[in-house]
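Working notes for the structure below.
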Number of protein chains: 2
Amino acid sequence: MDVRRTTVRDMRRSNRSALLTTIYREGPLSRHELGLRTSLSAASVSNLVSELIAEGVVEEAGSVDSEGGRPRVLLRVSPTFRYVVGAEVGETRVKVELFDLAMNVLASAEYPIDAPQPAVVVKHVLEGLSTVIASSGVRSDLILGVGVGVAGVVEGNAVVDAQTLGWDAVPLREMIAEGTEIPIQVDNGANMLGQAEMWFGAGRGATDAVVTLIGSGVGAALVADGSSYRGTRSSAGEWGHMTIAYGGRQCRCGALGCLEAYAGAEAVLERYREAGGTVSATDEEAALIELLDAVGTSEVAATIVDETVGYLAAGVANLVNLVNPERIVLGGWAGLLLGERYLDDLRAAVGEHALRQPYSQVSIELCELGRDAVALGAATLPVLRLLRDGGVVPARS
Amino acid sequence: MDVRRTTVRDMRRSNRSALLTTIYREGPLSRHELGLRTSLSAASVSNLVSELIAEGVVEEAGSVDSEGGRPRVLLRVSPTFRYVVGAEVGETRVKVELFDLAMNVLASAEYPIDAPQPAVVVKHVLEGLSTVIASSGVRSDLILGVGVGVAGVVEGNAVVDAQTLGWDAVPLREMIAEGTEIPIQVDNGANMLGQAEMWFGAGRGATDAVVTLIGSGVGAALVADGSSYRGTRSSAGEWGHMTIAYGGRQCRCGALGCLEAYAGAEAVLERYREAGGTVSATDEEAALIELLDAVGTSEVAATIVDETVGYLAAGVANLVNLVNPERIVLGGWAGLLLGERYLDDLRAAVGEHALRQPYSQVSIELCELGRDAVALGAATLPVLRLLRDGGVVPARS
DNA sequence: GGTCTTAGTTCACGACCTGCATGAAGCCCG
DNA sequence: CGGGCTTCATGCAGGTCGTGAACTAAGACC
């Protein structure tokens with residue numbers, strides 16, 4: 001099972017955590033409302049809140065008239081109590097951003113890379129960390145932690161397998177941690193983007209959702225009962241290599257008929273070329289835009305795009321049937337390009353593949369944060385830990 | 001979120017629950033071991049256990065020599081503390097069984113049905129209940145509850161949609177509850193079978209698993225972090241209608257290329273007939289056996305079976321990739337027939353469709369409880385409630 | 001200025017778990 | 001065969017917690 005709560009002190013921590021999480025997630029709230037939301041007694045709320053205020057985690061933020069009585073004082077998590085850093089490690093760049101607890105970007109640094117070697121990446125992350133600390137003027141001991149989102153499978157803070165980076169068994173957390181006192185957490189980039197959409201984007205309010213990530217390749221982040229589902233060894237969410245066309249096109253993973261071999265941007269362009277279409281752009285994103293823009297004039301482009309929506313719909317429908325989510329978020333840069341133009345077509349096509357019951361319960365939405373939200377999502381890792389610990393910041397030796 | 005634990009009394013209930021669950025699931029244990037397992041202090045274990053013993057929930061069961069010290073007294077949940085009933089509502093029969101808490105069958109009743117009308121089913125369940133009570137001689141106020149597994153989608157104890165039974169929006173729990181004082185819980189039959197395999201069959205010990213159910217149709221029960229995953233509105237696990245062959249065979253759900261249209265027993269036999277094969281049996285199960293037995297002599301049969309294993313493997317691989325389970329259990333009568341003969345072939349074929357990483361972390365096993373375990377699984381519902389409540393039996397008015 | 005309404009706080013109380021000391025029960029060895 | 005040893009189990013004092021009820025705070029309305 002999970003963490004056992006046994007002693008009476010654990011209970012307090014758990015209640016602090018519930019309270020703090022509620023304040024953080026559901027915006028400014030009064031003590032009264034907090035009592036209702038957490039089903040704690042007014043006395044306990046008062047008690048805990050005064051403790052949180054004394055520690056500086058929570059602060060009062062104005063008040064609201066109540067109907068003819070004493071006005072209620074609103075509470076919020078103090079944005080400047082601590083700060084967090086998020087880093088994105090992708091194929092082509094390392095991006096580091098520093099946020100306050102309200103997730104405002106205070107500083108940002110970016111380093112293009114061509115050959116993503118672990119040592120180089122570590123150097124850039126640490127360099128970025130120093131840079132954002134310096135340019136924001138935030139005291140480094142006020143930084144809660146650094147979350148790192150990597151384009152690969154992460155198992156317990158080590159990168160186990162990252163095909164696109166060519167990494168295998170890289171102990172990334174330890175490597176970064178050697179260069180700083182600040183706690184490091186490493187996780188899968190797709191999950192981080194999903195986390196960002198769940199907290200601040202199209203996934204807000206949902207507890208059972210799937211955030212899809214359609215770029216050159218295809219992936220997904222699964223959210224079950226309000227928290228990210230990782231599977232037994234953290235590699236859940238490999239949606240791209242789901243067989244949807246048995247015996248079909250060969251995928252770069254080696255198998256036949258994977259969704260990615262039809263709906264990934266690389267595959268879409270390849271299918272277009274095979275069908276006789278041509279694009280002038282060499283950049284994948286520009287090429288896909290070119291293809292999408294050609295739909296009005298080119299029969300071939302129209303067919304390819306139409307088929308792509310169909311394949312994608314089958315993949316989405318499989319998610320709908322299997323996990324019965326309340327929301328599916330279409331994300332990733334290619335997902336965004338397709339979704340902007342064909343979201344309604346996609347929704348309809350999903351209906352043809354999915355069962356009536358789960359289909360009627362799901363809403364399929366476009367992502368809201370664009371492609372650059374990996375660092376934002378990664379920065380939620382230390383925030384999540386803070387909320388889980390009820391605002392108790394572990395002493396740094 | 002889930003149930004909030006706030007007061008100090010909830011803590012005790014939660015600890016009782018942890019203790020009782022550990023005793024139930026991990027067999028006879030001494031107080032000392034319980035302390036280690038639950039990370040409760042020895043004093044608390046002693047305290048709680050003596051309470052549980054006084055209430056009759058737990059009993060001592062012999063002792064074991066320790067190395068040169070006082071022997072440890074083993075504790076177990078008293079099998080005769082209470083009793084539970086499980087019922088299976090299928091297309092062709094209603095089956096009711098009465099168990100003690102060790103899940104020994106004490107009495108059983110079965111009613112064949114042809115037209116599964118709700119009223120008839122309710123009558124049979126109630127009749128079965130009286131029968132098993134009478135023939136086992138168990139006092140009816142000692143029966144914790146009746147779990148009912150229905151072949152259809154269940155949302156909050158009401159049957160929302162059951163294609164095979166032709167039901168829609170049947171408030172089954174209320175209907176049964178009108179005829180008895182004993183608490184009723186209704187759930188999906190596939191999930192119940194999954195539950196049975198997880199507790200007593202091939203799923204034992206796994207916390208992230210999928211129990212597949214291959215019969216005439218195809219379904220699955222998802223288990224995440226040790227408990228059944230139901231999705232947002234309880235219809236998760238519709239594995240059979242996952243598209244695996246885009247634009248392929250028409251499924252009875254109306255869509256094209258569903259897994260069920262290839263790997264469900266009905267579809268397999270249909271594909272066999274289309275390919276020119278013939279079977280003499282009219283019963284589906286006998287027919288499938290006939291087909292499987294013909295593999296050695298008939299080219300057509302061999303091809304069909306070979307292809308079936310392939311399609312099924314693609315479906316299983318999709319589960320492996322998407323949810324990264326530690327175990328997949330092949331269940332259902334057709335799954336059992338196929339698995340007995342081709343489990344190794346299936347495992348290998350899954351490897352061709354799944355990613356290396358998650359494939360290496362999963363074990364694919366044959367179910368152990370056969371096809372008749374729905375009632376057993378359903379009977380775990382009241383047991384689960386008992387464990388969750390820490391052995392506190394709600395007073396019946 | 002009195003009364004009403006709503007928000008938030010204080011405090012005694014009962015309930016809880018833990019650590020430590022103590023009791024229980026068998027083994028080992030002289 | 002009895003004292004010491006080891007391991008298991010329990011009783012008790014102490015500290016912590018959330019709750020309910022009484023109480024204070026702060027504004028609206030007449």
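Identifiers for the structure tokens are assigned positionally: chains receive A, B, ... in sequence, residues are indexed from 1 per chain, and ligands are indexed from 1 in the order shown.
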Any idea which chain B residues end up within 7 Å of chain A if we count only C-alpha atoms, as number ranges by chain please?
-> B: 6, 8, 11, 15, 40, 208, 231-233, 235-239, 241-246, 255, 314, 318, 321-326, 352-353, 358
Counting only C-alpha atoms (C1' of nucleotides), which residues from chain D have an atom at most 12 Å from any atom of chain A, and could you show them as an MDAnalysis selection string?
-> chainID D and resid 15:21 24:29
Compute the chain C side of the contact with chain A at 12 Å, counting only C-alpha atoms (C1' of nucleotides), and hand it back as a PDB file with C-alpha atoms (C1' of nucleotides), in the first residue's frame.
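The resulting selection-v9.pdb:
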ATOM      1  C1'  DC C   4     -29.095  40.187  13.814  1.00  0.00           C
ATOM      2  C1'  DT C   5     -26.024  37.563  11.048  1.00  0.00           C
ATOM      3  C1'  DT C   6     -21.903  35.536   9.765  1.00  0.00           C
ATOM      4  C1'  DA C   7     -16.764  34.666  10.626  1.00  0.00           C
ATOM      5  C1'  DG C   8     -13.271  33.259  13.377  1.00  0.00           C
ATOM      6  C1'  DT C   9     -11.033  31.897  18.122  1.00  0.00           C
ATOM      7  C1'  DT C  10     -10.392  29.827  22.704  1.00  0.00           C
ATOM      8  C1'  DC C  11     -10.470  26.066  25.763  1.00  0.00           C
ATOM      9  C1'  DA C  15      -9.502   9.710  22.142  1.00  0.00           C
ATOM     10  C1'  DC C  16      -5.381   8.229  20.150  1.00  0.00           C
ATOM     11  C1'  DC C  17      -0.513   6.222  19.651  1.00  0.00           C
ATOM     12  C1'  DT C  18       4.156   5.731  21.492  1.00  0.00           C
TER      13       DT C  18
END
Mind checking DSSP for range 159-273 of chain A and telling me the strand (DSSP E or B) residues as an NGL selection string?
-> :A and (159-162 or 167-170 or 184-188 or 209-214 or 218-224 or 227-229 or 243 or 245 or 250 or 256 or 258)
Going by DSSP on the backbone, which bits of range 224-383 of chain A are helix (DSSP H, G or I)? Write them as a ChimeraX atom specification, please.
-> /A:260-263,265-274,284-296,299-323,333-353,356-360,370-372,374-383
Kindly export the residues of the current selection with C-alpha atoms, as a PDB file, in the first residue's frame.
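The result, stored in result-v2.pdb:
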ATOM      1  CA  GLU A 260       2.668   6.543 -34.292  1.00  0.00           C
ATOM      2  CA  ALA A 261       3.344   5.075 -37.723  1.00  0.00           C
ATOM      3  CA  TYR A 262       0.165   6.780 -38.915  1.00  0.00           C
ATOM      4  CA  ALA A 263      -0.477   9.792 -36.741  1.00  0.00           C
ATOM      5  CA  ALA A 265       4.084  14.039 -37.692  1.00  0.00           C
ATOM      6  CA  GLU A 266       7.031  12.215 -39.170  1.00  0.00           C
ATOM      7  CA  ALA A 267       4.784   9.396 -40.349  1.00  0.00           C
ATOM      8  CA  VAL A 268       2.132  11.745 -41.691  1.00  0.00           C
ATOM      9  CA  LEU A 269       4.704  13.524 -43.841  1.00  0.00           C
ATOM     10  CA  GLU A 270       6.106  10.231 -44.986  1.00  0.00           C
ATOM     11  CA  ARG A 271       2.665   9.025 -45.979  1.00  0.00           C
ATOM     12  CA  TYR A 272       2.151  12.277 -47.854  1.00  0.00           C
ATOM     13  CA  ARG A 273       5.364  11.831 -49.793  1.00  0.00           C
ATOM     14  CA  GLU A 274       4.549   8.225 -50.592  1.00  0.00           C
ATOM     15  CA  GLU A 284       9.147  19.094 -39.662  1.00  0.00           C
ATOM     16  CA  GLU A 285       6.773  21.605 -38.162  1.00  0.00           C
ATOM     17  CA  ALA A 286       6.877  23.931 -41.155  1.00  0.00           C
ATOM     18  CA  ALA A 287       6.379  20.925 -43.412  1.00  0.00           C
ATOM     19  CA  LEU A 288       3.287  19.813 -41.543  1.00  0.00           C
ATOM     20  CA  ILE A 289       1.837  23.320 -41.733  1.00  0.00           C
ATOM     21  CA  GLU A 290       2.526  23.306 -45.453  1.00  0.00           C
ATOM     22  CA  LEU A 291       0.702  20.010 -45.806  1.00  0.00           C
ATOM     23  CA  LEU A 292      -2.264  21.220 -43.786  1.00  0.00           C
ATOM     24  CA  ASP A 293      -2.440  24.431 -45.810  1.00  0.00           C
ATOM     25  CA  ALA A 294      -2.460  22.417 -49.030  1.00  0.00           C
ATOM     26  CA  VAL A 295      -5.662  20.604 -48.100  1.00  0.00           C
ATOM     27  CA  GLY A 296      -7.847  23.129 -49.909  1.00  0.00           C
ATOM     28  CA  GLU A 299      -6.500  16.184 -53.407  1.00  0.00           C
ATOM     29  CA  VAL A 300      -3.599  14.151 -52.047  1.00  0.00           C
ATOM     30  CA  ALA A 301      -3.105  16.399 -49.034  1.00  0.00           C
ATOM     31  CA  ALA A 302      -6.823  16.282 -48.261  1.00  0.00           C
ATOM     32  CA  THR A 303      -6.857  12.502 -48.346  1.00  0.00           C
ATOM     33  CA  ILE A 304      -3.794  12.179 -46.144  1.00  0.00           C
ATOM     34  CA  VAL A 305      -5.123  14.588 -43.549  1.00  0.00           C
ATOM     35  CA  ASP A 306      -8.514  12.941 -43.617  1.00  0.00           C
ATOM     36  CA  GLU A 307      -6.967   9.543 -43.031  1.00  0.00           C
ATOM     37  CA  THR A 308      -4.758  10.926 -40.300  1.00  0.00           C
ATOM     38  CA  VAL A 309      -7.775  12.223 -38.424  1.00  0.00           C
ATOM     39  CA  GLY A 310      -9.312   8.791 -38.815  1.00  0.00           C
ATOM     40  CA  TYR A 311      -6.318   6.921 -37.439  1.00  0.00           C
ATOM     41  CA  LEU A 312      -5.948   9.383 -34.611  1.00  0.00           C
ATOM     42  CA  ALA A 313      -9.624   8.998 -33.798  1.00  0.00           C
ATOM     43  CA  ALA A 314      -9.206   5.239 -33.546  1.00  0.00           C
ATOM     44  CA  GLY A 315      -6.340   5.758 -31.142  1.00  0.00           C
ATOM     45  CA  VAL A 316      -8.320   8.227 -29.054  1.00  0.00           C
ATOM     46  CA  ALA A 317     -11.340   5.930 -29.094  1.00  0.00           C
ATOM     47  CA  ASN A 318      -9.182   3.130 -27.734  1.00  0.00           C
ATOM     48  CA  LEU A 319      -8.325   5.374 -24.805  1.00  0.00           C
ATOM     49  CA  VAL A 320     -11.966   6.269 -24.318  1.00  0.00           C
ATOM     50  CA  ASN A 321     -13.038   2.629 -24.251  1.00  0.00           C
ATOM     51  CA  LEU A 322     -10.218   1.331 -22.140  1.00  0.00           C
ATOM     52  CA  VAL A 323      -9.824   3.931 -19.438  1.00  0.00           C
ATOM     53  CA  TRP A 333       2.720  20.619 -31.477  1.00  0.00           C
ATOM     54  CA  ALA A 334       1.307  18.382 -34.194  1.00  0.00           C
ATOM     55  CA  GLY A 335      -1.755  17.679 -32.082  1.00  0.00           C
ATOM     56  CA  LEU A 336      -2.259  21.391 -31.743  1.00  0.00           C
ATOM     57  CA  LEU A 337      -1.920  22.024 -35.477  1.00  0.00           C
ATOM     58  CA  LEU A 338      -4.343  19.248 -36.308  1.00  0.00           C
ATOM     59  CA  GLY A 339      -6.717  20.096 -33.498  1.00  0.00           C
ATOM     60  CA  GLU A 340      -6.960  23.758 -34.419  1.00  0.00           C
ATOM     61  CA  ARG A 341      -8.284  22.740 -37.787  1.00  0.00           C
ATOM     62  CA  TYR A 342     -10.039  19.417 -37.305  1.00  0.00           C
ATOM     63  CA  LEU A 343     -11.118  19.083 -33.686  1.00  0.00           C
ATOM     64  CA  ASP A 344     -14.781  18.659 -34.569  1.00  0.00           C
ATOM     65  CA  ASP A 345     -14.008  16.111 -37.262  1.00  0.00           C
ATOM     66  CA  LEU A 346     -11.879  14.246 -34.788  1.00  0.00           C
ATOM     67  CA  ARG A 347     -14.607  14.258 -32.149  1.00  0.00           C
ATOM     68  CA  ALA A 348     -17.080  12.863 -34.652  1.00  0.00           C
ATOM     69  CA  ALA A 349     -14.659  10.218 -35.852  1.00  0.00           C
ATOM     70  CA  VAL A 350     -13.957   9.116 -32.277  1.00  0.00           C
ATOM     71  CA  GLY A 351     -17.678   8.547 -31.922  1.00  0.00           C
ATOM     72  CA  GLU A 352     -17.550   6.038 -34.751  1.00  0.00           C
ATOM     73  CA  HIS A 353     -14.934   3.927 -33.017  1.00  0.00           C
ATOM     74  CA  ARG A 356     -21.682   4.927 -26.931  1.00  0.00           C
ATOM     75  CA  GLN A 357     -21.532   4.910 -23.155  1.00  0.00           C
ATOM     76  CA  PRO A 358     -17.945   6.019 -22.506  1.00  0.00           C
ATOM     77  CA  TYR A 359     -17.996   8.301 -25.542  1.00  0.00           C
ATOM     78  CA  SER A 360     -20.909  10.247 -24.122  1.00  0.00           C
ATOM     79  CA  GLY A 370       1.236  25.051 -26.263  1.00  0.00           C
ATOM     80  CA  ARG A 371       4.378  23.036 -26.642  1.00  0.00           C
ATOM     81  CA  ASP A 372       6.578  24.874 -24.184  1.00  0.00           C
ATOM     82  CA  VAL A 374       7.300  20.957 -20.088  1.00  0.00           C
ATOM     83  CA  ALA A 375       9.376  23.166 -17.782  1.00  0.00           C
ATOM     84  CA  LEU A 376       6.202  24.475 -16.178  1.00  0.00           C
ATOM     85  CA  GLY A 377       4.970  20.946 -15.595  1.00  0.00           C
ATOM     86  CA  ALA A 378       8.337  19.875 -14.229  1.00  0.00           C
ATOM     87  CA  ALA A 379       8.272  22.774 -11.803  1.00  0.00           C
ATOM     88  CA  THR A 380       5.084  21.364 -10.308  1.00  0.00           C
ATOM     89  CA  LEU A 381       7.070  18.425  -8.956  1.00  0.00           C
ATOM     90  CA  PRO A 382       8.582  20.368  -6.043  1.00  0.00           C
ATOM     91  CA  VAL A 383       5.254  22.162  -5.523  1.00  0.00           C
TER      92      VAL A 383
END
Could you name the residues that touch Gly332 in chain A at 9 Å or less, counting only C-alpha atoms (C1' of nucleotides), but leaving out those on the same chain fewer than 6 positions away, as a PyMOL selection string?
-> chain A and resi 193+212-216+218-219+367+370-371
Need the shell around Arg76 in chain B: protein/DNA/RNA residues with any atom at most 8 Å away, counting only C-alpha atoms (C1' of nucleotides). Skip same-chain ones fewer than 5 positions apart. Format as a PDB file with C-alpha atoms, in the first residue's frame?
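Here's the written file part.pdb:
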ATOM      1  CA  ILE B  23      -4.158 -10.307   8.711  1.00  0.00           C
ATOM      2  CA  TYR B  24      -6.686 -11.279   6.067  1.00  0.00           C
ATOM      3  CA  GLY B  27      -2.403 -15.193   6.169  1.00  0.00           C
ATOM      4  CA  PRO B  28      -1.851 -16.034   9.823  1.00  0.00           C
ATOM      5  CA  LEU B  29       0.608 -13.585  11.347  1.00  0.00           C
ATOM      6  CA  VAL B  58      -9.949 -12.172  14.745  1.00  0.00           C
ATOM      7  CA  GLU B  59      -8.954 -15.362  16.503  1.00  0.00           C
ATOM      8  CA  GLU B  60      -5.755 -17.022  17.589  1.00  0.00           C
ATOM      9  CA  ALA B  61      -4.657 -19.911  15.430  1.00  0.00           C
TER      10      ALA B  61
END
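The space separating CA of Ala190 in chain B from CA of Ala151 in chain B comes to 7.0 Å.
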Distance query Arg385 in chain A at most 12 Å, only C-alpha atoms (C1' of nucleotides), self and fewer than 6 positions along chain excluded, as a list of chain:residue names = A:Ser17, A:Leu20, A:Thr21, A:Val84, A:Leu144, A:Gly145, A:Val146, A:Gly147, A:Pro183, A:Ile184, A:Gln185, A:Ala378, A:Ala379, A:Gly391, A:Val392, A:Val393, A:Pro394
Please produce an output containing N, CA and C atoms for each residue in the selection, written as an mmCIF file, in the first residue's frame.
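Saved file again-v5.cif follows:
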data_model
loop_
_atom_site.group_PDB
_atom_site.id
_atom_site.type_symbol
_atom_site.label_atom_id
_atom_site.label_comp_id
_atom_site.auth_asym_id
_atom_site.auth_seq_id
_atom_site.Cartn_x
_atom_site.Cartn_y
_atom_site.Cartn_z
ATOM 1 N N SER A 17 -1.785 19.093 4.959
ATOM 2 C CA SER A 17 -1.632 18.863 3.532
ATOM 3 C C SER A 17 -2.958 19.070 2.804
ATOM 4 N N LEU A 20 -3.705 22.840 2.806
ATOM 5 C CA LEU A 20 -2.819 23.603 1.941
ATOM 6 C C LEU A 20 -3.125 23.311 0.473
ATOM 7 N N THR A 21 -3.344 22.043 0.169
ATOM 8 C CA THR A 21 -3.660 21.667 -1.207
ATOM 9 C C THR A 21 -4.936 22.344 -1.659
ATOM 10 N N VAL A 84 10.368 27.681 -7.238
ATOM 11 C CA VAL A 84 10.663 26.374 -7.832
ATOM 12 C C VAL A 84 11.258 26.559 -9.227
ATOM 13 N N LEU A 144 12.740 25.616 -3.576
ATOM 14 C CA LEU A 144 12.281 24.341 -3.051
ATOM 15 C C LEU A 144 12.928 23.160 -3.738
ATOM 16 N N GLY A 145 13.074 23.271 -5.045
ATOM 17 C CA GLY A 145 13.620 22.149 -5.765
ATOM 18 C C GLY A 145 13.608 22.407 -7.256
ATOM 19 N N VAL A 146 14.257 21.518 -7.966
ATOM 20 C CA VAL A 146 14.291 21.603 -9.420
ATOM 21 C C VAL A 146 13.617 20.353 -9.971
ATOM 22 N N GLY A 147 12.603 20.541 -10.815
ATOM 23 C CA GLY A 147 11.982 19.416 -11.494
ATOM 24 C C GLY A 147 12.527 19.352 -12.907
ATOM 25 N N PRO A 183 17.386 20.272 -4.059
ATOM 26 C CA PRO A 183 16.869 18.942 -4.380
ATOM 27 C C PRO A 183 16.428 18.835 -5.846
ATOM 28 N N ILE A 184 16.731 17.716 -6.447
ATOM 29 C CA ILE A 184 16.408 17.492 -7.855
ATOM 30 C C ILE A 184 15.389 16.363 -7.968
ATOM 31 N N GLN A 185 14.393 16.527 -8.835
ATOM 32 C CA GLN A 185 13.475 15.441 -9.157
ATOM 33 C C GLN A 185 13.421 15.301 -10.675
ATOM 34 N N ALA A 378 7.265 20.423 -15.072
ATOM 35 C CA ALA A 378 8.337 19.875 -14.229
ATOM 36 C C ALA A 378 8.448 20.656 -12.926
ATOM 37 N N ALA A 379 8.179 21.950 -13.014
ATOM 38 C CA ALA A 379 8.272 22.774 -11.803
ATOM 39 C C ALA A 379 7.171 22.438 -10.805
ATOM 40 N N GLY A 391 3.291 21.794 3.591
ATOM 41 C CA GLY A 391 3.988 23.066 3.744
ATOM 42 C C GLY A 391 5.228 22.986 4.607
ATOM 43 N N VAL A 392 5.590 21.768 4.987
ATOM 44 C CA VAL A 392 6.808 21.623 5.782
ATOM 45 C C VAL A 392 7.991 21.505 4.831
ATOM 46 N N VAL A 393 8.905 22.421 4.929
ATOM 47 C CA VAL A 393 10.074 22.397 4.059
ATOM 48 C C VAL A 393 11.185 21.640 4.762
ATOM 49 N N PRO A 394 11.668 20.578 4.141
ATOM 50 C CA PRO A 394 12.726 19.799 4.796
ATOM 51 C C PRO A 394 13.975 20.646 4.960
#
